[in-house]
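Asker: Here you go, this is work.tsv (TSV, C-alpha atoms and all ligand atoms).
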chain	number	residue	atom	x	y	z
Y	1053	MET	CA	21.34	1.43	8.03
Y	1054	ILE	CA	19.50	4.22	6.20
Y	1055	GLY	CA	21.21	5.58	3.07
Y	1056	LYS	CA	20.75	6.85	-0.45
Y	1057	ASP	CA	23.27	4.62	-2.22
Y	1058	ILE	CA	21.75	2.66	-5.10
Y	1059	ALA	CA	24.96	0.63	-5.63
Y	1060	THR	CA	24.83	-0.64	-2.02
Y	1061	ALA	CA	21.16	-1.60	-2.35
Y	1062	SER	CA	21.75	-3.26	-5.69
Y	1063	GLN	CA	24.75	-5.27	-4.38
Y	1064	LEU	CA	22.84	-6.50	-1.33
Y	1065	LEU	CA	19.90	-7.54	-3.52
Y	1066	ALA	CA	22.25	-9.39	-5.91
Y	1067	ASP	CA	23.65	-11.21	-2.85
Y	1068	GLY	CA	20.14	-12.47	-2.02
Y	1069	LYS	CA	19.51	-9.99	0.81
Y	1070	VAL	CA	16.33	-8.10	1.66
Y	1071	VAL	CA	16.45	-4.28	1.29
Y	1072	ALA	CA	13.77	-1.65	1.99
Y	1073	ILE	CA	13.06	0.56	-1.01
Y	1074	PRO	CA	11.03	3.74	-1.52
Y	1075	THR	CA	8.06	3.84	-3.89
Y	1076	GLU	CA	5.54	6.61	-4.49
Y	1077	THR	CA	2.88	4.66	-2.53
Y	1078	VAL	CA	4.59	3.16	0.54
Y	1079	TYR	CA	8.05	1.72	1.27
Y	1080	GLY	CA	8.57	-1.86	0.08
Y	1081	LEU	CA	10.62	-4.72	1.49
Y	1082	ALA	CA	12.41	-5.94	-1.63
Y	1083	ALA	CA	14.27	-9.06	-2.70
Y	1084	ASN	CA	15.18	-10.79	-5.96
Y	1085	ALA	CA	11.83	-12.20	-7.11
Y	1086	LEU	CA	13.55	-15.04	-8.96
Y	1087	ASP	CA	15.50	-16.25	-5.91
Y	1088	ILE	CA	13.35	-18.49	-3.69
Y	1089	ARG	CA	15.67	-18.15	-0.66
Y	1090	ALA	CA	15.67	-14.35	-0.88
Y	1091	VAL	CA	11.87	-14.27	-1.24
Y	1092	SER	CA	11.33	-16.54	1.75
Y	1093	GLU	CA	13.45	-14.10	3.75
Y	1094	ILE	CA	10.83	-11.40	2.99
Y	1095	TYR	CA	8.12	-13.59	4.53
Y	1096	SER	CA	10.14	-14.24	7.68
Y	1097	VAL	CA	11.33	-10.64	8.17
Y	1098	LYS	CA	7.73	-9.36	7.87
Y	1099	ASN	CA	6.24	-12.25	9.77
Y	1100	ARG	CA	3.91	-12.67	6.80
Y	1101	PRO	CA	1.77	-15.77	6.30
Y	1102	HIS	CA	2.85	-17.78	3.24
Y	1103	PHE	CA	-0.66	-17.76	1.75
Y	1104	ASN	CA	-0.36	-14.01	1.08
Y	1105	PRO	CA	1.36	-13.45	-2.31
Y	1106	LEU	CA	3.78	-10.64	-3.23
Y	1107	ILE	CA	3.70	-7.88	-5.86
Y	1108	VAL	CA	6.58	-8.02	-8.36
Y	1109	HIS	CA	8.17	-4.69	-9.36
Y	1110	VAL	CA	9.72	-4.19	-12.79
Y	1111	PRO	CA	11.31	-1.17	-14.51
Y	1112	SER	CA	9.04	-1.07	-17.61
Y	1113	LEU	CA	6.18	-2.59	-19.57
Y	1114	ASP	CA	8.70	-4.49	-21.71
Y	1115	ALA	CA	10.29	-5.97	-18.59
Y	1116	ALA	CA	6.84	-6.97	-17.29
Y	1117	LYS	CA	6.19	-8.97	-20.47
Y	1118	LYS	CA	9.12	-11.27	-19.67
Y	1119	TYR	CA	7.25	-12.81	-16.73
Y	1120	VAL	CA	3.77	-13.50	-18.16
Y	1121	THR	CA	2.33	-15.92	-20.68
Y	1122	HIS	CA	-0.03	-13.34	-22.07
Y	1123	PHE	CA	-0.53	-9.55	-21.74
Y	1124	PRO	CA	-4.17	-8.78	-22.64
Y	1125	LYS	CA	-4.87	-5.66	-24.70
Y	1126	ALA	CA	-6.81	-4.02	-21.86
Y	1127	ALA	CA	-3.87	-4.62	-19.48
Y	1128	GLU	CA	-1.51	-3.05	-22.00
Y	1129	GLU	CA	-3.80	-0.04	-22.22
Y	1130	LEU	CA	-3.71	0.32	-18.42
Y	1131	ALA	CA	0.06	-0.07	-18.31
Y	1132	ARG	CA	0.55	2.58	-21.01
Y	1133	HIS	CA	-1.54	5.10	-19.10
Y	1134	PHE	CA	-0.52	4.36	-15.52
Y	1135	TRP	CA	3.02	2.98	-15.53
Y	1136	PRO	CA	5.18	4.05	-13.88
Y	1137	GLY	CA	2.54	4.52	-11.20
Y	1138	SER	CA	0.32	3.24	-8.45
Y	1139	LEU	CA	-1.48	0.53	-10.42
Y	1140	SER	CA	-0.68	-3.18	-10.01
Y	1141	ILE	CA	-2.03	-5.62	-12.61
Y	1142	LEU	CA	-2.78	-9.32	-12.09
Y	1143	LEU	CA	-1.56	-11.35	-15.07
Y	1144	PRO	CA	-0.96	-15.02	-15.96
Y	1145	LYS	CA	2.57	-15.82	-14.78
Y	1146	ASN	CA	5.14	-17.86	-16.70
Y	1147	GLU	CA	7.59	-20.39	-15.24
Y	1148	MET	CA	10.19	-17.72	-14.36
Y	1149	ILE	CA	8.06	-16.55	-11.42
Y	1150	PRO	CA	8.43	-19.01	-8.54
Y	1151	ASP	CA	5.29	-20.28	-6.81
Y	1152	ILE	CA	6.39	-18.76	-3.49
Y	1153	ILE	CA	5.75	-15.30	-5.01
Y	1154	THR	CA	2.13	-16.05	-5.93
Y	1155	ALA	CA	1.33	-18.45	-3.05
Y	1156	GLY	CA	0.74	-21.15	-5.65
Y	1157	SER	CA	-1.58	-19.09	-7.88
Y	1158	PRO	CA	-1.03	-19.15	-11.67
Y	1159	HIS	CA	-1.33	-15.32	-11.63
Y	1160	VAL	CA	1.26	-12.75	-10.65
Y	1161	VAL	CA	0.68	-9.09	-9.74
Y	1162	LEU	CA	3.11	-6.73	-11.54
Y	1163	ARG	CA	3.79	-3.01	-11.18
Y	1164	VAL	CA	6.26	-0.32	-12.34
Y	1165	PRO	CA	6.65	2.00	-9.34
Y	1166	ASN	CA	6.97	5.73	-9.92
Y	1167	HIS	CA	9.97	6.65	-7.81
Y	1168	PRO	CA	13.22	7.85	-9.40
Y	1169	LEU	CA	15.58	6.00	-7.00
Y	1170	THR	CA	13.72	2.72	-7.27
Y	1171	LEU	CA	13.39	2.97	-11.05
Y	1172	GLN	CA	17.19	3.43	-11.19
Y	1173	LEU	CA	17.63	0.50	-8.83
Y	1174	LEU	CA	15.33	-1.72	-10.95
Y	1175	GLN	CA	17.38	-0.81	-14.02
Y	1176	SER	CA	20.64	-1.60	-12.25
Y	1177	VAL	CA	19.73	-5.19	-11.31
Y	1178	SER	CA	19.13	-8.09	-13.68
Y	1179	PHE	CA	16.03	-9.40	-11.89
Y	1180	PRO	CA	12.58	-8.11	-10.83
Y	1181	LEU	CA	11.94	-7.17	-7.20
Y	1182	ALA	CA	9.26	-8.78	-5.07
Y	1183	ALA	CA	8.17	-6.22	-2.49
Y	1184	PRO	CA	5.32	-6.14	0.00
Y	1185	SER	CA	4.97	-3.06	2.18
Y	1186	ALA	CA	7.98	-2.74	4.51
Y	1187	ASN	CA	6.15	-3.22	7.81
Y	1188	VAL	CA	5.56	-6.12	10.17
Y	1189	SER	CA	2.36	-7.85	8.92
Y	1190	ASN	CA	-0.86	-6.20	10.09
Y	1191	THR	CA	0.74	-2.96	11.25
Y	1192	VAL	CA	0.51	0.48	9.62
Y	1193	SER	CA	2.41	0.74	6.30
Y	1194	PRO	CA	5.57	2.91	6.24
Y	1195	THR	CA	5.71	6.14	4.25
Y	1196	THR	CA	9.19	7.30	5.38
Y	1197	ALA	CA	12.55	5.57	5.83
Y	1198	ASN	CA	12.27	6.28	9.57
Y	1199	HIS	CA	8.97	4.38	9.76
Y	1200	VAL	CA	10.74	1.37	8.23
Y	1201	GLU	CA	13.67	1.76	10.64
Y	1202	HIS	CA	11.25	1.88	13.55
Y	1203	GLY	CA	9.49	-1.37	12.56
Y	1204	LEU	CA	12.18	-3.47	10.90
Y	1205	GLY	CA	15.48	-1.66	11.54
Y	1206	ASP	CA	16.99	-4.52	13.54
Y	1207	ARG	CA	16.03	-7.13	10.92
Y	1208	ILE	CA	17.37	-5.64	7.68
Y	1209	GLU	CA	20.78	-4.33	6.61
Y	1210	TYR	CA	19.78	-1.42	4.40
Y	1211	ILE	CA	16.94	1.05	3.90
Y	1212	LEU	CA	17.19	3.04	0.68
Y	1213	ASP	CA	15.94	6.51	1.63
Y	1214	GLY	CA	13.82	8.17	-1.05
Y	1215	GLY	CA	12.10	10.68	1.22
Y	1216	GLU	CA	8.42	10.80	2.06
Y	1217	CYS	CA	6.11	8.76	-0.22
Y	1218	ALA	CA	4.12	11.10	-2.46
Y	1219	VAL	CA	0.88	9.09	-2.63
Y	1220	GLY	CA	0.85	7.54	0.84
Y	1221	VAL	CA	-1.54	4.61	0.31
Y	1222	GLU	CA	-0.73	1.37	-1.51
Y	1223	SER	CA	-1.27	0.77	-5.21
Y	1224	THR	CA	-4.63	-0.15	-6.73
Y	1225	ILE	CA	-4.67	-3.84	-7.71
Y	1226	VAL	CA	-6.75	-4.81	-10.75
Y	1227	CYS	CA	-7.42	-7.80	-12.95
Y	1228	ILE	CA	-8.89	-7.89	-16.45
Y	1229	GLN	CA	-12.15	-9.68	-17.08
Y	1230	GLU	CA	-14.06	-9.76	-20.36
Y	1231	GLY	CA	-12.41	-6.55	-21.51
Y	1232	GLY	CA	-13.26	-4.70	-18.29
Y	1233	VAL	CA	-11.35	-3.95	-15.10
Y	1234	VAL	CA	-12.08	-5.51	-11.71
Y	1235	ILE	CA	-10.66	-3.72	-8.67
Y	1236	LEU	CA	-9.12	-6.21	-6.23
Y	1237	ARG	CA	-7.79	-3.51	-3.90
Y	1238	GLU	CA	-8.57	0.21	-3.92
Y	1239	GLY	CA	-5.43	2.34	-3.95
Y	1240	GLY	CA	-3.50	5.26	-5.38
Y	1241	VAL	CA	-5.17	5.15	-8.82
Y	1242	SER	CA	-8.92	5.79	-8.58
Y	1243	GLN	CA	-11.67	4.00	-10.52
Y	1244	GLU	CA	-12.60	7.37	-11.98
Y	1245	ALA	CA	-9.07	7.84	-13.33
Y	1246	ILE	CA	-9.09	4.36	-14.88
Y	1247	THR	CA	-12.33	4.93	-16.79
Y	1248	HIS	CA	-11.48	8.52	-17.67
Y	1249	LYS	CA	-8.04	7.69	-19.09
Y	1250	THR	CA	-8.73	4.33	-20.77
Y	1251	GLY	CA	-12.50	4.17	-21.31
Y	1252	LEU	CA	-12.42	0.65	-19.86
Y	1253	PRO	CA	-15.48	-0.24	-17.79
Y	1254	ILE	CA	-15.14	-1.11	-14.09
Y	1255	LEU	CA	-16.79	-4.49	-13.50
Y	1256	PRO	CA	-18.14	-5.63	-10.14
Y	1257	HIS	CA	-16.02	-7.82	-7.91
Y	1258	THR	CA	-18.05	-11.05	-7.79
Y	1259	PRO	CA	-17.32	-14.18	-5.75
Y	1260	ALA	CA	-16.05	-15.77	-9.00
Y	1261	THR	CA	-13.37	-13.08	-9.29
Y	1262	ILE	CA	-9.87	-13.89	-8.10
Y	1263	GLN	CA	-9.56	-12.78	-4.53
Y	1264	SER	CA	-6.64	-10.87	-3.12
Y	1265	PRO	CA	-5.75	-13.06	-0.14
Y	1266	GLY	CA	-4.10	-10.19	1.72
Y	1267	GLN	CA	-7.41	-8.36	2.05
Y	1268	LEU	CA	-7.98	-9.36	5.65
Y	1269	LYS	CA	-10.76	-7.57	7.43
Y	1270	ARG	CA	-8.54	-6.11	10.13
Y	1271	HIS	CA	-5.23	-4.89	8.79
Y	1272	TYR	CA	-3.09	-1.77	9.08
Y	1273	ALA	CA	-3.90	-2.02	12.77
Y	1274	THR	CA	-2.98	0.65	15.27
Y	1275	HIS	CA	-2.08	-0.47	18.81
Y	1276	LYS	CA	-4.86	1.55	20.41
Y	1277	PRO	CA	-8.51	1.31	19.33
Y	1278	LEU	CA	-9.58	3.40	16.35
Y	1279	TYR	CA	-13.29	4.22	15.99
Y	1280	ILE	CA	-15.10	5.57	12.94
Y	1281	VAL	CA	-17.82	7.85	14.32
Y	1282	ASN	CA	-20.33	10.22	12.79
Y	1283	SER	CA	-20.13	12.66	15.69
Y	1284	PHE	CA	-16.98	13.28	17.74
Y	1285	ASP	CA	-19.04	15.26	20.27
Y	1286	GLU	CA	-21.44	12.43	20.87
Y	1287	PHE	CA	-18.69	9.82	21.31
Y	1288	ILE	CA	-16.85	12.02	23.80
Y	1289	ARG	CA	-20.07	12.75	25.73
Y	1290	ASN	CA	-20.95	9.05	25.90
Y	1291	ASN	CA	-17.44	7.99	26.94
Y	1292	PRO	CA	-16.37	10.51	29.58
Y	1293	GLN	CA	-13.66	8.25	31.03
Y	1294	THR	CA	-11.91	7.78	27.68
Y	1295	THR	CA	-9.34	10.26	26.35
Y	1296	CYS	CA	-9.51	10.63	22.59
Y	1297	SER	CA	-7.30	11.90	19.76
Y	1298	ILE	CA	-9.21	13.18	16.76
Y	1299	LEU	CA	-8.14	12.97	13.12
Y	1300	TYR	CA	-9.82	15.75	11.08
Y	1301	TYR	CA	-10.08	15.91	7.28
Y	1302	GLU	CA	-10.05	19.70	7.34
Y	1303	LYS	CA	-9.44	22.48	9.80
Y	1304	PRO	CA	-12.72	22.91	11.75
Y	1305	LYS	CA	-13.93	26.30	13.04
Y	1306	ASP	CA	-13.78	25.10	16.65
Y	1307	THR	CA	-11.73	22.16	17.79
Y	1308	LEU	CA	-12.85	20.11	20.74
Y	1309	ASN	CA	-10.73	20.17	23.86
Y	1310	VAL	CA	-8.78	17.03	22.92
Y	1311	THR	CA	-5.64	16.23	20.94
Y	1312	SER	CA	-6.38	17.02	17.29
Y	1313	TYR	CA	-4.58	16.23	14.04
Y	1314	PHE	CA	-5.38	17.64	10.60
Y	1315	LEU	CA	-4.97	15.23	7.70
Y	1316	SER	CA	-5.59	18.21	5.44
Y	1317	GLU	CA	-6.58	21.85	5.97
Y	1318	THR	CA	-9.21	21.73	3.21
Y	1319	TYR	CA	-10.51	18.14	2.83
Y	1320	HIS	CA	-8.06	17.56	-0.03
Y	1321	LEU	CA	-8.23	13.80	-0.67
Y	1322	GLY	CA	-4.68	13.56	-2.06
Y	1323	GLU	CA	-3.31	15.29	1.03
Y	1324	ILE	CA	-5.40	13.11	3.34
Y	1325	ALA	CA	-4.04	9.93	1.67
Y	1326	ASN	CA	-0.52	11.32	1.88
Y	1327	GLN	CA	-0.78	12.08	5.61
Y	1328	LEU	CA	-2.96	9.17	6.78
Y	1329	PHE	CA	-0.39	6.53	7.76
Y	1330	SER	CA	2.08	9.06	9.25
Y	1331	ILE	CA	-0.56	10.69	11.42
Y	1332	LEU	CA	-2.05	7.34	12.45
Y	1333	ARG	CA	1.40	6.45	13.80
Y	1334	ILE	CA	1.70	9.74	15.69
Y	1335	ALA	CA	-1.80	9.44	17.18
Y	1336	ASP	CA	-1.09	5.81	18.07
Y	1337	ALA	CA	1.97	6.91	20.05
Y	1338	ASP	CA	0.39	9.82	21.95
Y	1339	SER	CA	-1.07	9.53	25.45
Y	1340	SER	CA	-4.77	9.23	24.56
Y	1341	ASP	CA	-6.77	6.01	24.94
Y	1342	CYS	CA	-8.25	5.90	21.46
Y	1343	ILE	CA	-8.36	7.51	18.00
Y	1344	LEU	CA	-11.53	8.92	16.42
Y	1345	ILE	CA	-12.13	9.60	12.75
Y	1346	GLN	CA	-15.24	10.27	10.65
Y	1347	PRO	CA	-16.35	8.33	7.55
Y	1348	ILE	CA	-14.77	9.80	4.41
Y	1349	LYS	CA	-16.43	10.68	1.10
Y	1350	PRO	CA	-15.98	7.52	-0.99
Y	1351	ILE	CA	-15.02	9.24	-4.24
Y	1352	GLY	CA	-11.69	9.05	-6.11
Y	1353	ILE	CA	-8.82	8.16	-3.79
Y	1354	GLY	CA	-11.36	8.57	-0.93
Y	1355	ARG	CA	-12.33	4.92	-1.56
Y	1356	ALA	CA	-8.78	3.75	-0.80
Y	1357	ILE	CA	-8.68	5.97	2.30
Y	1358	GLN	CA	-12.04	4.56	3.43
Y	1359	ASP	CA	-10.77	1.01	2.87
Y	1360	ARG	CA	-7.61	1.59	4.97
Y	1361	ILE	CA	-9.53	3.28	7.77
Y	1362	GLN	CA	-12.12	0.51	7.90
Y	1363	ARG	CA	-9.43	-2.15	8.07
Y	1364	ALA	CA	-7.63	-0.27	10.84
Y	1365	ALA	CA	-10.82	0.29	12.82
Y	1366	THR	CA	-12.01	-1.53	15.90
Y	1367	VAL	CA	-15.46	-2.94	15.16
I	1401	LIG	O1	1.82	0.07	-3.34
I	1401	LIG	C1	2.00	-1.13	-3.19
I	1401	LIG	O2	1.34	-1.99	-3.80
I	1401	LIG	C2	3.09	-1.56	-2.21
I	1401	LIG	C3	4.46	-1.10	-2.77
I	1401	LIG	C4	5.61	-1.58	-1.96
I	1401	LIG	O3	4.56	-1.51	-4.10
I	1401	LIG	N1	3.07	-2.96	-1.98
I	1401	LIG	C5	2.10	-3.56	-1.26
I	1401	LIG	O4	2.28	-4.91	-1.07
I	1401	LIG	O5	1.14	-2.98	-0.80
I	1401	LIG	P1	1.51	-5.76	0.03
I	1401	LIG	O6	2.17	-7.06	0.01
I	1401	LIG	O7	1.50	-5.04	1.32
I	1401	LIG	O8	0.09	-5.92	-0.58
I	1401	LIG	C6	-0.06	-6.67	-1.76
I	1401	LIG	C7	-1.44	-7.17	-1.94
I	1401	LIG	C8	-1.83	-8.24	-0.92
I	1401	LIG	O9	-3.17	-7.96	-0.53
I	1401	LIG	C9	-1.75	-9.53	-1.71
I	1401	LIG	O10	-2.66	-10.48	-1.25
I	1401	LIG	C10	-2.10	-9.06	-3.12
I	1401	LIG	O11	-1.50	-7.80	-3.22
I	1401	LIG	N2	-1.49	-9.93	-4.15
I	1401	LIG	C11	-0.19	-10.01	-4.49
I	1401	LIG	N3	-0.01	-10.97	-5.43
I	1401	LIG	C12	-1.21	-11.50	-5.69
I	1401	LIG	C13	-1.66	-12.56	-6.54
I	1401	LIG	N4	-0.83	-13.25	-7.30
I	1401	LIG	N5	-2.99	-12.84	-6.54
I	1401	LIG	C14	-3.87	-12.14	-5.76
I	1401	LIG	N6	-3.49	-11.16	-4.91
I	1401	LIG	C15	-2.18	-10.82	-4.87
I	1402	MG	MG	0.94	-4.42	3.15
Please re-express this file's structure in structure tokens.
Ligand code: TXA
Ligand code: MG
Answerer:
Amino acid sequence: MIGKDIATASQLLADGKVVAIPTETVYGLAANALDIRAVSEIYSVKNRPHFNPLIVHVPSLDAAKKYVTHFPKAAEELARHFWPGSLSILLPKNEMIPDIITAGSPHVVLRVPNHPLTLQLLQSVSFPLAAPSANVSNTVSPTTANHVEHGLGDRIEYILDGGECAVGVESTIVCIQEGGVVILREGGVSQEAITHKTGLPILPHTPATIQSPGQLKRHYATHKPLYIVNSFDEFIRNNPQTTCSILYYEKPKDTLNVTSYFLSETYHLGEIANQLFSILRIADADSSDCILIQPIKPIGIGRAIQDRIQRAATV
């Protein structure tokens, strides 16, 4: 059922049930992070492999401190600037966080989401919420309650409807190393914003860095093939038997004679991020054989968009 009732969501969660919740990035599939049975239900509902750990959502920086052995100064700096918001921070967990959350790792990823309904919900329960994106593993992440209903509606009792997600791509995941920030997953908060707001340097992601096990090469997959091409014209000329849908970053002067979607009218990266998953779903469901998109400028949130497109693409 889709609804806006925080009390219903909060009661179901207290009973150990799984509930879909809105965040500013994408919808999450939430359960009591301290209840092993409830957390294992998340894995089975999503069909998620157990080696892929879950982000834990808390209502505030103070609440986050309850679940870690240590909160480095640089992490505190990040939290003060970006929480509530689309930044998830990897920290050393304490014994309150069960191993099933972190897939056995001694580190937990924590975040304070920036969505009024979910912040109220987090304040109304006495436990943190583990929540991966509310989609079947390896499918496109949901940015509306209807997307969740479409993918998981028959497997969960309640979807808390908080409208369309404002950011539209998942949070940025970082860890702290030697006083700098390592990006484990590009997302809603850009590298530029991190350095601009905190002055912390961005350090390279080396093989020695903790890996984010969920970063599989092909992810966010559409059902039909998606190709990243430099020239739509050329692809269409070379593949005359294939019908294509095109995703544009801005309104072109002349559109080709195929189904076209505009992620933005003006190449606005925030708008493109916001529309990406919704329009991918629509293009995936239309009658064409494949989806075409161009490479995006890898600046700001463009890096997260590029990452999602590359993982969705057929190589
Ligand atoms: O915006 C978001 O982050 C959304 C909303 C719901 O908060 N959540 C989300 O969760 O995208 P999910 O599960 O779809 O992606 C979480 C990523 C995975 O790649 C996972 O491997 C990584 O975070 N992760 C979680 N805990 C980790 C840990 N302890 N160590 C390393 N990577 C971790
Ligand atoms: Mg996900």
Asker: Set the cut-off to 8 Å, count all atoms listed in the file, and list whatever residues fall near ligand LIG 1401 (chain I) as JSON, numbers by chain.
Answerer: {"Y": [1073, 1074, 1075, 1076, 1077, 1078, 1079, 1080, 1081, 1104, 1105, 1106, 1107, 1108, 1109, 1138, 1139, 1140, 1142, 1153, 1154, 1155, 1157, 1158, 1159, 1160, 1161, 1163, 1165, 1183, 1184, 1185, 1186, 1193, 1221, 1222, 1223, 1224, 1225, 1236, 1237, 1239, 1240, 1262, 1263, 1264, 1265, 1266, 1267, 1268]}
Asker: Hey, which of Y:Gly1231, Y:Pro1144, Y:Pro1194, Y:Gly1215 ends up closest to ligand MG 1402 (chain I)? Count all atoms listed in the file.
Answerer: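 That would be Y:Pro1194, the residue with the smallest distance to ligand MG 1402 (chain I).
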Asker: Val1192 (chain Y): which residues within 12 Å, counting all atoms listed in the file, same-chain residues fewer than 4 positions away excluded, as a ChimeraX atom specification?
Answerer: /Y:1078-1079,1185-1188,1196,1199-1200,1202-1203,1220-1222,1270-1275,1328-1336,1360-1361,1363-1365
Asker: Name all residues at most 12 Å from Lys1305 (chain Y) (count all atoms listed in the file; drop same-chain ones fewer than 3 positions away) and give them as a PyMOL selection string.
Answerer: chain Y and resi 1300+1302+1308+1317-1318
Asker: Could you tell me how far CA of His1167 (chain Y) sits from CA of Gly1214 (chain Y), in Å to one decimal place?
Answerer: 7.9 Å
Asker: Measure the distance from CA of Lys1276 (chain Y) to CA of Asp1341 (chain Y) in Å and round it to one decimal.
Answerer: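 Calculated distance between CA of Lys1276 (chain Y) and CA of Asp1341 (chain Y) is 6.6 Å.
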Asker: If we count all atoms listed in the file and set the cut-off at 7 Å, which residues sit around Leu1299 (chain Y), ignoring sequence neighbours fewer than 4 positions away in its own chain? Please answer as a tab-separated table (two decimals) with C-alpha atoms, in the frame of the given file.
Answerer:
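Final output, selection_12.tsv:
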chain	number	residue	atom	x	y	z
Y	1312	SER	CA	-6.38	17.02	17.29
Y	1313	TYR	CA	-4.58	16.23	14.04
Y	1314	PHE	CA	-5.38	17.64	10.60
Y	1315	LEU	CA	-4.97	15.23	7.70
Y	1344	LEU	CA	-11.53	8.92	16.42
Y	1345	ILE	CA	-12.13	9.60	12.75
Asker: Pick from Y:Asn1198, Y:Thr1170, Y:Thr1191, Y:Gln1327: nearest to ligand MG 1402 (chain I), with all atoms listed in the file counted?
Answerer: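 Distance minimum relative to ligand MG 1402 (chain I) lands on Y:Thr1191.
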Asker: Suppose you want the space between CA of Ala1090 (chain Y) and CA of Val1070 (chain Y); what is it in Å?
Answerer: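 Calculated distance between CA of Ala1090 (chain Y) and CA of Val1070 (chain Y) is 6.8 Å.
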Asker: Which residue gives the smallest distance to ligand MG 1402 (chain I) among Y:Pro1101, Y:Gly1352, Y:Gly1068, Y:Gly1055, with all atoms listed in the file counted?
Answerer: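 Of all the options, Y:Pro1101 lies closest to ligand MG 1402 (chain I).
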Asker: Between Y:Arg1289, Y:Arg1207, Y:Arg1355, Y:Arg1132, which one has atoms that come closest to Ser1242 (chain Y), using all atoms listed in the file?
Answerer: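 Among the listed residues, Y:Arg1355 lies closest to Ser1242 (chain Y).
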Asker: Using all atoms listed in the file, which of Y:Val1177, Y:Ala1115, Y:Ala1218, Y:Thr1195 sits nearest ligand MG 1402 (chain I)?
Answerer: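 Smallest separation from ligand MG 1402 (chain I) among the options: Y:Thr1195.
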Asker: Find the smallest box with edges along x, y and z containing every listed atom of region 1342-1353 of chain Y, then add 4 Å on each side and report centre and edge lengths in Å to one decimal, as JSON.
Answerer:
{"center_x": -12.3, "center_y": 8.3, "center_z": 7.7, "size_x": 16.2, "size_y": 12.8, "size_z": 35.6}
Asker: Working from the structure I just supplied, which lacks atoms in region 1319-1323 of chain Y, can you model all heavy atoms there and output them as a short mmCIF file (atom, residue, chain, number, x, y, z; two decimals), keeping the file's coordinate frame?
Answerer:
data_model
loop_
_atom_site.label_atom_id
_atom_site.label_comp_id
_atom_site.auth_asym_id
_atom_site.auth_seq_id
_atom_site.Cartn_x
_atom_site.Cartn_y
_atom_site.Cartn_z
N TYR Y 1319 -9.87 19.37 3.33
CA TYR Y 1319 -10.51 18.14 2.83
C TYR Y 1319 -9.97 17.77 1.45
O TYR Y 1319 -10.72 17.37 0.55
CB TYR Y 1319 -12.03 18.28 2.76
CG TYR Y 1319 -12.78 16.97 3.05
CD1 TYR Y 1319 -13.64 16.85 4.14
CD2 TYR Y 1319 -12.64 15.85 2.23
CE1 TYR Y 1319 -14.33 15.67 4.42
CE2 TYR Y 1319 -13.32 14.67 2.49
CZ TYR Y 1319 -14.17 14.59 3.58
OH TYR Y 1319 -14.85 13.42 3.83
N HIS Y 1320 -8.68 17.92 1.24
CA HIS Y 1320 -8.06 17.56 -0.03
C HIS Y 1320 -7.71 16.07 0.03
O HIS Y 1320 -6.87 15.65 0.85
CB HIS Y 1320 -6.82 18.43 -0.22
CG HIS Y 1320 -6.14 18.22 -1.54
ND1 HIS Y 1320 -5.43 17.08 -1.84
CD2 HIS Y 1320 -6.10 19.00 -2.64
CE1 HIS Y 1320 -4.95 17.18 -3.07
NE2 HIS Y 1320 -5.36 18.33 -3.58
N LEU Y 1321 -8.37 15.26 -0.81
CA LEU Y 1321 -8.23 13.80 -0.67
C LEU Y 1321 -6.79 13.32 -0.88
O LEU Y 1321 -6.33 12.41 -0.19
CB LEU Y 1321 -9.19 13.08 -1.63
CG LEU Y 1321 -10.68 13.23 -1.29
CD1 LEU Y 1321 -11.55 12.64 -2.39
CD2 LEU Y 1321 -11.02 12.57 0.05
N GLY Y 1322 -6.08 13.94 -1.82
CA GLY Y 1322 -4.68 13.56 -2.06
C GLY Y 1322 -3.83 13.80 -0.82
O GLY Y 1322 -2.99 12.97 -0.44
N GLU Y 1323 -4.05 14.95 -0.18
CA GLU Y 1323 -3.31 15.29 1.03
C GLU Y 1323 -3.66 14.33 2.18
O GLU Y 1323 -2.78 13.91 2.95
CB GLU Y 1323 -3.73 16.69 1.48
CG GLU Y 1323 -2.64 17.73 1.45
CD GLU Y 1323 -3.26 19.12 1.53
OE1 GLU Y 1323 -4.12 19.36 2.43
OE2 GLU Y 1323 -2.89 19.94 0.68
#
